[in-house]
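Source file: final01.cif; contents: mmCIF, C-alpha atoms and all ligand atoms.
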```cif
data_target
#
loop_
_atom_site.label_atom_id
_atom_site.label_comp_id
_atom_site.auth_asym_id
_atom_site.auth_seq_id
_atom_site.Cartn_x
_atom_site.Cartn_y
_atom_site.Cartn_z
CA MET A 1 -12.25 11.87 7.11
CA ILE A 2 -14.60 12.21 10.06
CA GLY A 3 -12.85 12.65 13.41
CA ILE A 4 -14.33 10.56 16.21
CA ALA A 5 -14.02 10.80 20.00
CA VAL A 6 -15.16 7.74 21.94
CA LEU A 7 -16.03 8.55 25.55
CA GLY A 8 -16.30 5.22 27.38
CA SER A 9 -14.07 3.48 24.81
CA THR A 10 -13.23 0.55 27.11
CA GLY A 11 -16.87 -0.46 27.65
CA SER A 12 -19.29 -2.57 25.67
CA ILE A 13 -20.58 0.27 23.43
CA GLY A 14 -17.09 1.78 23.18
CA THR A 15 -15.51 -1.44 21.89
CA SER A 16 -18.40 -2.05 19.46
CA THR A 17 -17.90 1.49 18.16
CA LEU A 18 -14.20 0.84 17.56
CA ASP A 19 -15.11 -2.39 15.78
CA VAL A 20 -17.37 -0.50 13.35
CA VAL A 21 -14.87 2.33 12.87
CA GLY A 22 -12.15 -0.23 12.10
CA ARG A 23 -14.22 -1.50 9.15
CA HIS A 24 -14.16 1.94 7.51
CA PRO A 25 -10.64 3.37 7.72
CA ASP A 26 -11.35 5.43 4.58
CA ARG A 27 -14.19 7.24 6.30
CA PHE A 28 -13.51 7.58 10.03
CA ARG A 29 -10.45 8.25 12.16
CA ILE A 30 -10.18 8.01 15.94
CA VAL A 31 -9.07 11.36 17.39
CA ALA A 32 -9.62 10.66 21.09
CA LEU A 33 -10.43 7.86 23.51
CA ALA A 34 -11.56 8.15 27.13
CA ALA A 35 -12.35 5.81 29.99
CA HIS A 36 -12.56 5.78 33.78
CA ARG A 37 -9.76 3.62 35.19
CA ASN A 38 -9.23 0.61 32.92
CA ALA A 39 -5.64 1.53 32.05
CA ALA A 40 -4.82 -1.89 30.57
CA ARG A 41 -7.58 -1.82 27.98
CA LEU A 42 -7.05 1.86 27.19
CA ALA A 43 -3.33 1.21 26.63
CA GLU A 44 -4.17 -1.53 24.10
CA GLN A 45 -6.58 0.83 22.35
CA ILE A 46 -4.00 3.62 22.23
CA LEU A 47 -1.46 1.29 20.64
CA ARG A 48 -4.00 0.09 18.07
CA TRP A 49 -5.63 3.47 17.20
CA GLN A 50 -2.83 5.97 17.85
CA PRO A 51 -5.31 8.72 18.82
CA GLU A 52 -4.19 12.32 19.30
CA TYR A 53 -5.66 12.32 22.84
CA ALA A 54 -6.55 9.76 25.48
CA ALA A 55 -8.00 10.38 28.92
CA LEU A 56 -8.67 8.58 32.17
CA ALA A 57 -11.25 10.25 34.40
CA ASP A 58 -9.66 8.64 37.45
CA ALA A 59 -6.34 10.46 37.68
CA ARG A 60 -4.95 7.80 40.07
CA SER A 61 -4.84 5.28 37.20
CA MET A 62 -2.63 7.51 35.01
CA LYS A 63 0.66 6.14 36.41
CA GLU A 64 -0.35 2.64 35.37
CA LEU A 65 -1.28 3.88 31.87
CA GLU A 66 2.04 5.72 31.52
CA SER A 67 4.02 2.69 32.58
CA LEU A 68 2.07 0.43 30.18
CA LEU A 69 2.93 2.80 27.33
CA SER A 70 6.53 3.45 28.30
CA GLY A 71 8.90 2.36 25.55
CA ALA A 72 6.10 2.26 22.97
CA ARG A 73 6.14 4.72 20.09
CA VAL A 74 3.01 6.73 20.75
CA ARG A 75 2.46 10.43 20.32
CA THR A 76 -0.91 10.42 22.12
CA ARG A 77 -1.37 13.25 24.59
CA LEU A 78 -2.56 11.78 27.88
CA LEU A 79 -5.08 13.68 30.03
CA ALA A 80 -6.37 12.88 33.51
CA GLY A 81 -9.39 13.80 35.59
CA PRO A 82 -13.10 14.29 34.86
CA ASP A 83 -12.56 17.69 33.18
CA ALA A 84 -10.48 15.99 30.48
CA LEU A 85 -13.64 14.35 29.13
CA GLU A 86 -15.24 17.75 28.50
CA GLU A 87 -12.04 18.98 26.86
CA ILE A 88 -12.03 16.02 24.49
CA ALA A 89 -15.73 16.46 23.66
CA GLY A 90 -15.02 19.99 22.44
CA LEU A 91 -11.80 19.42 20.42
CA PRO A 92 -12.00 21.18 17.04
CA GLN A 93 -10.69 18.11 15.18
CA VAL A 94 -13.55 15.98 16.58
CA ASP A 95 -16.71 15.80 14.42
CA HIS A 96 -18.65 12.97 16.11
CA VAL A 97 -18.70 12.24 19.85
CA MET A 98 -19.78 8.78 20.96
CA ALA A 99 -21.18 9.38 24.47
CA ALA A 100 -20.83 5.87 25.93
CA ILE A 101 -19.91 6.51 29.54
CA VAL A 102 -22.25 4.70 31.90
CA GLY A 103 -24.48 6.61 34.30
CA SER A 104 -24.53 10.19 35.54
CA ALA A 105 -20.72 10.36 35.11
CA GLY A 106 -21.43 10.96 31.42
CA LEU A 107 -23.59 14.04 31.91
CA ARG A 108 -21.02 16.85 31.68
CA SER A 109 -19.14 15.52 28.68
CA THR A 110 -22.39 14.81 26.84
CA LEU A 111 -23.52 18.38 27.46
CA ALA A 112 -20.09 19.66 26.39
CA ALA A 113 -20.36 17.81 23.05
CA ALA A 114 -23.83 19.27 22.48
CA HIS A 115 -22.66 22.81 23.34
CA ALA A 116 -19.70 22.42 20.98
CA GLY A 117 -22.04 21.57 18.07
CA LYS A 118 -20.72 18.05 17.52
CA ARG A 119 -22.75 15.16 16.13
CA LEU A 120 -23.72 13.51 19.40
CA LEU A 121 -24.07 9.73 19.25
CA LEU A 122 -25.97 9.25 22.47
CA ALA A 123 -25.66 5.90 24.25
CA ASN A 124 -25.53 7.52 27.70
CA LYS A 125 -29.30 7.63 28.20
CA GLU A 126 -28.84 8.73 31.80
CA SER A 127 -27.77 12.22 30.68
CA LEU A 128 -31.03 12.69 28.78
CA VAL A 129 -33.05 11.31 31.71
CA MET A 130 -31.31 13.73 34.09
CA ALA A 131 -31.10 16.84 31.97
CA GLY A 132 -33.33 16.35 28.91
CA PRO A 133 -34.43 20.01 28.59
CA LEU A 134 -30.85 21.31 29.00
CA LEU A 135 -29.40 18.84 26.54
CA LEU A 136 -32.07 19.53 23.91
CA GLU A 137 -31.61 23.27 24.34
CA ALA A 138 -27.83 22.90 23.88
CA VAL A 139 -28.41 20.83 20.73
CA ARG A 140 -30.82 23.45 19.35
CA ALA A 141 -28.59 26.41 20.20
CA SER A 142 -25.39 24.96 18.72
CA GLY A 143 -26.97 23.23 15.73
CA SER A 144 -25.53 19.92 16.90
CA GLU A 145 -27.01 16.63 15.58
CA LEU A 146 -28.40 14.20 18.14
CA LEU A 147 -28.52 10.54 17.06
CA PRO A 148 -29.70 7.94 19.55
CA ILE A 149 -27.65 4.78 19.97
CA ASP A 150 -30.06 2.85 22.19
CA SER A 151 -31.33 0.24 19.72
CA GLU A 152 -34.99 1.14 20.42
CA HIS A 153 -34.57 4.88 19.95
CA ASN A 154 -32.35 4.33 16.95
CA ALA A 155 -35.12 2.14 15.48
CA ILE A 156 -37.71 4.86 16.14
CA PHE A 157 -35.41 7.47 14.59
CA GLN A 158 -35.15 5.27 11.49
CA CYS A 159 -38.98 5.00 11.28
CA LEU A 160 -39.71 8.73 11.68
CA PRO A 161 -40.40 11.06 8.78
CA ARG A 162 -37.32 12.83 7.38
CA GLY A 163 -36.73 16.20 9.01
CA ALA A 164 -38.05 15.22 12.48
CA ARG A 165 -36.24 17.40 15.03
CA PRO A 166 -35.07 16.27 18.50
CA GLY A 167 -37.63 17.22 21.15
CA ALA A 168 -40.34 18.22 18.64
CA PRO A 169 -43.42 15.99 18.14
CA PRO A 170 -42.97 14.32 14.73
CA PRO A 171 -45.77 15.16 12.28
CA GLY A 172 -48.36 12.43 11.68
CA VAL A 173 -47.17 10.21 14.53
CA ARG A 174 -49.86 8.86 16.86
CA ARG A 175 -47.80 6.66 19.18
CA ILE A 176 -44.45 5.04 19.70
CA LEU A 177 -44.23 1.36 20.59
CA LEU A 178 -41.07 0.75 22.58
CA THR A 179 -40.05 -2.91 22.69
CA ALA A 180 -38.46 -4.63 25.70
CA SER A 181 -36.81 -8.05 25.73
CA GLY A 182 -38.10 -8.61 29.27
CA GLY A 183 -34.58 -9.35 30.53
CA PRO A 184 -33.29 -12.57 32.15
CA PHE A 185 -36.13 -12.82 34.68
CA LEU A 186 -39.09 -12.57 32.31
CA ASP A 187 -40.22 -16.13 33.13
CA TRP A 188 -39.04 -16.22 36.75
CA THR A 189 -41.51 -16.10 39.65
CA ALA A 190 -41.30 -13.23 42.14
CA GLU A 191 -40.09 -15.76 44.75
CA ALA A 192 -37.22 -16.90 42.54
CA MET A 193 -36.32 -13.28 41.73
CA ALA A 194 -36.00 -12.58 45.47
CA GLY A 195 -32.88 -14.78 45.54
CA ALA A 196 -31.38 -13.63 42.21
CA THR A 197 -27.60 -13.09 42.23
CA PRO A 198 -25.70 -10.33 40.35
CA GLU A 199 -24.38 -12.97 37.92
CA GLU A 200 -27.92 -14.13 37.14
CA ALA A 201 -29.10 -10.54 36.72
CA CYS A 202 -26.23 -9.79 34.33
CA ALA A 203 -26.85 -12.88 32.17
CA HIS A 204 -29.03 -11.21 29.54
CA PRO A 205 -30.53 -13.70 27.07
CA ASN A 206 -30.03 -11.53 23.92
CA TRP A 207 -27.43 -8.80 24.57
CA VAL A 208 -23.93 -8.63 26.04
CA MET A 209 -23.72 -5.30 27.92
CA GLY A 210 -22.05 -3.55 30.84
CA ARG A 211 -23.13 -4.64 34.34
CA LYS A 212 -25.18 -1.56 35.24
CA ILE A 213 -27.41 -1.64 32.15
CA SER A 214 -27.67 -5.44 32.50
CA VAL A 215 -29.15 -5.08 36.00
CA ASP A 216 -31.41 -2.29 34.69
CA SER A 217 -32.63 -4.73 32.04
CA ALA A 218 -33.32 -7.36 34.68
CA THR A 219 -35.44 -4.95 36.79
CA LEU A 220 -36.98 -3.36 33.64
CA MET A 221 -35.72 -0.01 34.93
CA ASN A 222 -33.84 0.18 31.65
CA LYS A 223 -37.18 0.33 29.84
CA GLY A 224 -38.36 2.97 32.29
CA LEU A 225 -35.27 5.10 31.60
CA GLU A 226 -35.84 4.54 27.88
CA LEU A 227 -39.44 5.69 28.20
CA ILE A 228 -38.21 8.99 29.67
CA GLU A 229 -35.49 9.16 27.01
CA ALA A 230 -38.11 8.62 24.25
CA CYS A 231 -40.40 11.34 25.63
CA PHE A 232 -37.54 13.87 25.51
CA LEU A 233 -36.11 12.77 22.18
CA PHE A 234 -39.38 12.58 20.29
CA GLY A 235 -41.36 15.31 22.09
CA LEU A 236 -44.22 13.01 23.16
CA PRO A 237 -45.96 12.60 26.54
CA PRO A 238 -45.57 9.22 28.34
CA ASP A 239 -49.12 8.14 27.47
CA ARG A 240 -48.15 8.14 23.79
CA VAL A 241 -45.28 5.71 24.34
CA GLU A 242 -46.42 2.12 24.85
CA ILE A 243 -44.07 -0.53 26.18
CA LEU A 244 -44.32 -3.95 24.54
CA VAL A 245 -42.45 -7.03 25.73
CA HIS A 246 -40.89 -8.75 22.73
CA ARG A 247 -38.59 -11.49 23.94
CA GLN A 248 -36.76 -12.14 20.66
CA SER A 249 -35.24 -8.58 20.46
CA ILE A 250 -35.65 -8.55 16.69
CA VAL A 251 -38.22 -5.76 16.30
CA HIS A 252 -36.31 -2.92 17.94
CA SER A 253 -39.31 -0.55 18.15
CA LEU A 254 -42.24 0.72 16.11
CA VAL A 255 -43.89 4.02 15.14
CA GLU A 256 -47.65 4.23 14.65
CA TYR A 257 -48.95 6.93 12.31
CA VAL A 258 -52.38 8.61 12.37
CA ASP A 259 -53.44 6.76 9.20
CA GLY A 260 -53.02 3.39 10.97
CA SER A 261 -49.65 2.54 9.40
CA VAL A 262 -47.07 1.04 11.75
CA LEU A 263 -43.40 1.17 10.73
CA ALA A 264 -40.86 -1.02 12.50
CA GLN A 265 -37.11 -1.51 12.32
CA LEU A 266 -35.87 -5.10 12.55
CA ALA A 267 -32.33 -6.41 12.89
CA SER A 268 -30.32 -9.06 14.70
CA PRO A 269 -29.65 -7.98 18.29
CA ASP A 270 -26.20 -6.43 17.80
CA MET A 271 -25.39 -2.86 18.86
CA ARG A 272 -23.10 -2.43 15.87
CA THR A 273 -26.17 -1.82 13.66
CA PRO A 274 -27.39 1.32 15.48
CA ILE A 275 -23.78 2.45 15.97
CA ALA A 276 -23.01 2.15 12.24
CA TYR A 277 -26.28 3.90 11.39
CA ALA A 278 -25.50 6.86 13.64
CA LEU A 279 -21.87 7.09 12.52
CA ALA A 280 -22.69 7.18 8.82
CA TRP A 281 -26.16 8.79 8.80
CA PRO A 282 -27.71 9.64 6.38
CA ASP A 283 -25.65 7.01 4.53
CA ARG A 284 -25.58 3.32 5.40
CA VAL A 285 -22.36 1.35 5.87
CA PRO A 286 -21.65 -2.32 6.68
CA ALA A 287 -21.61 -2.97 10.43
CA GLY A 288 -20.14 -6.49 10.54
CA VAL A 289 -23.36 -7.98 11.97
CA GLN A 290 -25.17 -11.21 11.11
CA PHE A 291 -28.01 -10.54 8.69
CA LEU A 292 -31.47 -11.28 9.96
CA ASP A 293 -32.93 -14.68 9.04
CA LEU A 294 -36.65 -14.46 9.75
CA VAL A 295 -37.33 -18.04 8.71
CA ARG A 296 -34.82 -19.20 11.29
CA ALA A 297 -36.25 -16.82 13.90
CA GLY A 298 -39.64 -18.41 13.19
CA ARG A 299 -41.84 -16.24 15.37
CA LEU A 300 -42.12 -12.77 16.91
CA ASP A 301 -44.05 -12.57 20.21
CA PHE A 302 -45.44 -9.48 21.93
CA CYS A 303 -47.19 -8.96 25.28
CA ALA A 304 -47.75 -6.23 27.87
CA PRO A 305 -45.16 -5.85 30.68
CA ASP A 306 -45.99 -7.04 34.21
CA THR A 307 -45.54 -3.86 36.26
CA VAL A 308 -46.40 -5.66 39.52
CA LYS A 309 -43.52 -8.14 39.22
CA PHE A 310 -41.29 -5.47 37.66
CA ARG A 311 -42.02 -2.62 40.06
CA CYS A 312 -39.13 -0.47 38.78
CA LEU A 313 -40.96 0.02 35.49
CA ALA A 314 -44.07 1.33 37.29
CA LEU A 315 -41.88 3.70 39.34
CA ALA A 316 -40.19 5.02 36.20
CA GLN A 317 -43.56 5.51 34.49
CA ALA A 318 -44.71 7.55 37.49
CA ALA A 319 -41.52 9.65 37.36
CA ALA A 320 -42.02 10.21 33.61
CA ARG A 321 -45.54 11.48 34.26
CA ALA A 322 -44.41 13.69 37.17
CA GLY A 323 -41.58 15.18 35.05
CA GLY A 324 -39.30 18.00 36.29
CA LEU A 325 -36.70 16.75 38.76
CA HIS A 326 -38.43 13.40 39.41
CA PRO A 327 -36.52 11.54 36.66
CA VAL A 328 -33.26 12.97 38.08
CA ALA A 329 -34.05 11.48 41.48
CA LEU A 330 -35.17 8.19 39.97
CA ASN A 331 -31.91 7.85 38.03
CA ALA A 332 -29.75 8.76 41.04
CA VAL A 333 -31.42 6.33 43.45
CA ASN A 334 -31.34 3.61 40.83
CA GLU A 335 -27.58 4.06 40.33
CA VAL A 336 -26.94 3.79 44.08
CA ALA A 337 -29.22 0.77 44.54
CA VAL A 338 -27.82 -1.09 41.51
CA ARG A 339 -24.25 -0.53 42.74
CA ALA A 340 -25.23 -1.87 46.20
CA PHE A 341 -26.86 -4.92 44.59
CA LEU A 342 -23.79 -5.59 42.42
CA ASP A 343 -21.62 -5.27 45.56
CA GLY A 344 -23.73 -7.94 47.30
CA GLN A 345 -25.19 -5.51 49.81
CA LEU A 346 -28.82 -5.60 48.67
CA ASN A 347 -31.20 -8.30 47.49
CA PHE A 348 -32.62 -7.95 44.00
CA PRO A 349 -36.13 -6.82 45.14
CA ASP A 350 -34.49 -4.22 47.41
CA ILE A 351 -33.57 -2.19 44.31
CA ALA A 352 -37.23 -1.32 43.68
CA ALA A 353 -37.92 -0.98 47.42
CA VAL A 354 -35.11 1.58 47.89
CA ILE A 355 -36.27 3.58 44.87
CA GLU A 356 -39.86 3.60 46.08
CA THR A 357 -38.87 4.67 49.61
CA VAL A 358 -36.64 7.50 48.41
CA ILE A 359 -38.62 9.02 45.57
CA THR A 360 -41.59 9.68 47.79
CA LYS A 361 -39.27 11.86 49.95
CA VAL A 362 -37.51 13.97 47.29
CA SER A 363 -38.60 17.54 46.78
CA GLY A 364 -39.34 17.58 43.01
CA GLY A 365 -39.51 20.95 41.22
CA THR A 366 -38.59 22.01 37.71
CA ILE A 367 -35.25 22.04 35.85
CA GLY A 368 -33.98 25.59 35.35
CA SER A 369 -30.24 24.96 35.29
CA LEU A 370 -27.54 22.32 35.63
CA ASP A 371 -27.25 23.26 39.31
CA ASP A 372 -30.88 22.24 39.87
CA VAL A 373 -30.08 18.85 38.35
CA LEU A 374 -26.88 18.34 40.35
CA GLN A 375 -28.57 19.35 43.60
CA ALA A 376 -31.52 16.99 43.06
CA ASP A 377 -29.09 14.23 42.09
CA ALA A 378 -27.04 14.75 45.28
CA GLU A 379 -30.11 14.89 47.53
CA ALA A 380 -31.52 11.66 46.09
CA ARG A 381 -28.13 9.91 46.31
CA SER A 382 -27.70 10.73 49.97
CA LEU A 383 -31.23 9.51 50.82
CA ALA A 384 -30.57 6.38 48.77
CA GLU A 385 -27.29 5.67 50.61
CA MET A 386 -29.16 5.90 53.93
CA SER A 387 -31.94 3.60 52.73
CA CYS A 388 -29.39 1.08 51.36
CA GLY A 389 -27.50 1.24 54.68
CA ARG A 390 -30.66 0.35 56.65
CA ARG A 391 -31.41 -2.60 54.35
CA ARG A 392 -27.76 -3.76 54.47
CA ASN A 393 -27.90 -3.83 58.28
CA ALA A 394 -31.21 -5.68 58.18
CA LEU A 395 -29.64 -8.26 55.80
CA ARG A 396 -26.63 -8.71 58.15
CA THR A 397 -28.76 -9.28 61.21
CA ALA A 398 -31.23 -11.61 59.39
P1 LIG B 401 -19.81 -0.47 30.30
O1 LIG B 401 -19.91 -0.66 31.75
O2 LIG B 401 -19.48 -1.66 29.45
O3 LIG B 401 -18.74 0.67 29.95
C1 LIG B 401 -18.80 1.90 30.61
C2 LIG B 401 -17.74 2.82 30.09
O4 LIG B 401 -17.82 4.05 30.83
C3 LIG B 401 -16.31 2.30 30.30
O5 LIG B 401 -15.49 2.76 29.27
C4 LIG B 401 -15.92 2.95 31.63
O6 LIG B 401 -14.50 3.08 31.80
C5 LIG B 401 -16.56 4.31 31.46
N1 LIG B 401 -16.82 4.97 32.74
C6 LIG B 401 -17.44 4.45 33.83
N2 LIG B 401 -17.47 5.35 34.83
C7 LIG B 401 -16.84 6.47 34.36
C8 LIG B 401 -16.49 7.71 34.93
N3 LIG B 401 -16.80 8.03 36.20
N4 LIG B 401 -15.83 8.60 34.16
C9 LIG B 401 -15.48 8.31 32.89
N5 LIG B 401 -15.76 7.12 32.31
C10 LIG B 401 -16.43 6.23 33.03
O7 LIG B 401 -21.21 0.17 29.83
P2 LIG B 401 -21.97 0.01 28.45
O8 LIG B 401 -21.04 0.20 27.31
O9 LIG B 401 -22.81 -1.20 28.49
O10 LIG B 401 -22.99 1.24 28.52
C11 LIG B 401 -22.56 2.56 28.29
C12 LIG B 401 -23.79 3.45 28.12
O11 LIG B 401 -24.50 3.00 26.95
C13 LIG B 401 -24.78 3.35 29.28
O12 LIG B 401 -25.37 4.59 29.48
C14 LIG B 401 -25.83 2.35 28.76
O13 LIG B 401 -27.09 2.57 29.34
C15 LIG B 401 -25.84 2.68 27.28
N6 LIG B 401 -26.28 1.58 26.44
C16 LIG B 401 -25.57 0.42 26.41
C17 LIG B 401 -25.98 -0.64 25.60
C18 LIG B 401 -25.18 -1.89 25.50
O14 LIG B 401 -25.53 -2.76 24.69
N7 LIG B 401 -24.11 -2.07 26.25
C19 LIG B 401 -27.21 -0.53 24.80
C20 LIG B 401 -27.83 0.76 24.87
C21 LIG B 401 -27.38 1.78 25.67
P3 LIG B 401 -13.66 1.92 32.59
O15 LIG B 401 -13.69 0.71 31.69
O16 LIG B 401 -12.31 2.51 32.71
O17 LIG B 401 -14.34 1.68 33.89
#
```

Can the structure in the file be given as C-alpha cells, please?
Ligand code: NDP
Amino acid sequence: MIGIAVLGSTGSIGTSTLDVVGRHPDRFRIVALAAHRNAARLAEQILRWQPEYAALADARSMKELESLLSGARVRTRLLAGPDALEEIAGLPQVDHVMAAIVGSAGLRSTLAAAHAGKRLLLANKESLVMAGPLLLEAVRASGSELLPIDSEHNAIFQCLPRGARPGAPPPGVRRILLTASGGPFLDWTAEAMAGATPEEACAHPNWVMGRKISVDSATLMNKGLELIEACFLFGLPPDRVEILVHRQSIVHSLVEYVDGSVLAQLASPDMRTPIAYALAWPDRVPAGVQFLDLVRAGRLDFCAPDTVKFRCLALAQAAARAGGLHPVALNAVNEVAVRAFLDGQLNFPDIAAVIETVITKVSGGTIGSLDDVLQADAEARSLAEMSCGRRRNALRTA
C-alpha cells in the first residue's frame, strides 16, 4: 500500500486526487490531508478517509474543525499552522506527496517533500517558478521522484524518452510545444476584456479549477508560469518551448524530436488523467474519466497566441528569458494583482499593468538560497501592493 499525503486536499486538484485514490483502495491509502481554512470540507474528508494526520495552515480555523469532529469516532491527529504542512510532507509513512496548495503558500511544503525523498506529485507550479533550482537540487540530492501534474507537463513527461531526468535536457528533443486553451477571453475584444468581471474570468470553457488559476488562464499568465515551469522541469531554454493555442484542450502538449517526429498526448480535459498517471507511474490505472471520442470532437485547431491582447504572457516570457529572481517577482506580483482583481479592487487589464509597472523596478539577481527567493518575493509583493493601491484609488475617484 502506498501512503499518500494530499496538501491542498479541499481544492480542485485535491478533491480530484481523492476521487482517483478512492478508485484504488487496494493500492493507495490516505495518510494525511491538509488545507488552509476550509474546516467544513476537511472535516468531511477526515470522516471519509480516516487519515492518521490532518492539518489546517490557518490555526484560527482549528476550533471549528474540532467542533465539527466532536462526537465522531476519529483517531486523526490534528495539526495547526503553516509548519504542520512541512511536518506532514516528511512523515515516514508517506510515500507520495500531492503538492496541490495554490500559490507561494505551497513552496515550503513542496521543498520539504523533495528534501524528504518522497515522490512529489507537483501541481503547485508556483513553487517551481519561484525556486526551480532549489527544488531540482533537493530532488537530485534526496533521490526523490518529481512527476508533474499540470496536464501539459504531464503530457510532455509521457512523450519523453524513458530515463529523462528532471532539469536535464532530454536526449534527441528539439523543442517542446506547450498547448494553451486560450481561456474564456480568447475571442473577446480588448475593449470587452476591459470590463470583464471575476465571474467571467473564472468561467473557463474546458476546465473547472480554483479561482486563482482560472484568472491566470484568462490572462494567459498561467501559460507564462507553465513556460517557466517547463524550462526548469525539462532543462530547456525558453526559445525551445513554443506556445500553441489549442482551444479544444484535447492535445495536452507535444514533444518534437531532432528526426522530425512529433509525439503528443491526447485525452479528455479532466485532471484525473494526469493525477492517476503520476500516482501509479510507471503503471497505468483507471482514472474514472470519459474516454476520448475523436470523431465527436471533430477537429483540432492550433494558432499562435496574441501577446499584445494577452500582455501577461509577454511579461512572463520576458521573465523566463531574464531568469534568476525575475520569475520570483513575476509570480509574487501576479498573486497580489489577481487577489485584488478577485476582490473587485482592480479591473482585468490592471493585472498586466501592475505586473509591468512592478517588474521593471525589482532588483533581479540570482538564486543562491531560499532566503534570496523569500526576500525577492517580499520586495515584489510590497511594490505590487503599492501599485494596486494607486489603481484602486484611481478607480474610486473615476
Ligand atoms: P484551489 O483554489 O481549488 O485549492 C487550493 C488548495 O490550497 C485548497 O485546499 C486550499 O485550502 C489550499 N490553500 C490555499 N492557501 C493555503 C495556505 N496558505 N496554506 C495551506 N493551504 C492553502 O486550487 P487548485 O486545486 O485549482 O490549484 C492548486 C494548484 O494546482 C495551483 O498551484 C494550480 O496552479 C495547480 N493546478 C491546478 C489545476 C486545476 O485544474 N485546478 C491544473 C493544473 C495545475 P482551503 O480550501 O482551506 O482554502

Shell around A:Ala35 at 12 Å using only C-alpha atoms, local window under 4 positions removed, as a PyMOL selection string: chain A and resi 5-15+39-43+45-46+53-59+61-62+65+78-82+84-85+88+99-102+105-106+109

7 Å contact set for stretch 373-385 of chain A, only C-alpha atoms, chain neighbours under 2 positions out, as a PyMOL selection string: chain A and resi 130-131+325+328-329+332-333+336+354+358+362+367+369-371+387-389

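The gap separating atom CA of A:Ala314 from atom C15 of ligand LIG 401 (chain B) is 20.8 Å, in Å to one decimal.
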
Can you report as AutoDock Vina command-line options the centre and edge lengths in Å, to one decimal, of an axis-aligned box around the listed atoms of ligand LIG 401 (chain B) padded with 3 Å on each side?
```
--center_x -20.1 --center_y 2.9 --center_z 30.4 --size_x 21.5 --size_y 17.4 --size_z 17.5
```

Listing only residues of stretch 48-154 of chain A within 10 Å of stretch 163-179 of chain A, what is the closest atom pair and its distance in Å (to one decimal) for each, using only C-alpha atoms, sorted by chain and residue number ascending, as CSV?
```
residue,atom,partner,partner_atom,distance
A:Gly132,CA,A:Gly167,CA,8.9
A:Pro133,CA,A:Gly167,CA,8.6
A:Leu135,CA,A:Gly167,CA,10.0
A:Leu136,CA,A:Gly167,CA,6.6
A:Glu137,CA,A:Gly167,CA,9.1
A:Val139,CA,A:Pro166,CA,8.4
A:Arg140,CA,A:Pro166,CA,8.4
A:Glu145,CA,A:Pro166,CA,8.6
A:Leu146,CA,A:Pro166,CA,7.0
A:Leu147,CA,A:Pro166,CA,8.8
A:Pro148,CA,A:Pro166,CA,10.0
A:Ser151,CA,A:Thr179,CA,9.7
A:Glu152,CA,A:Leu178,CA,6.5
A:His153,CA,A:Leu178,CA,8.1
```
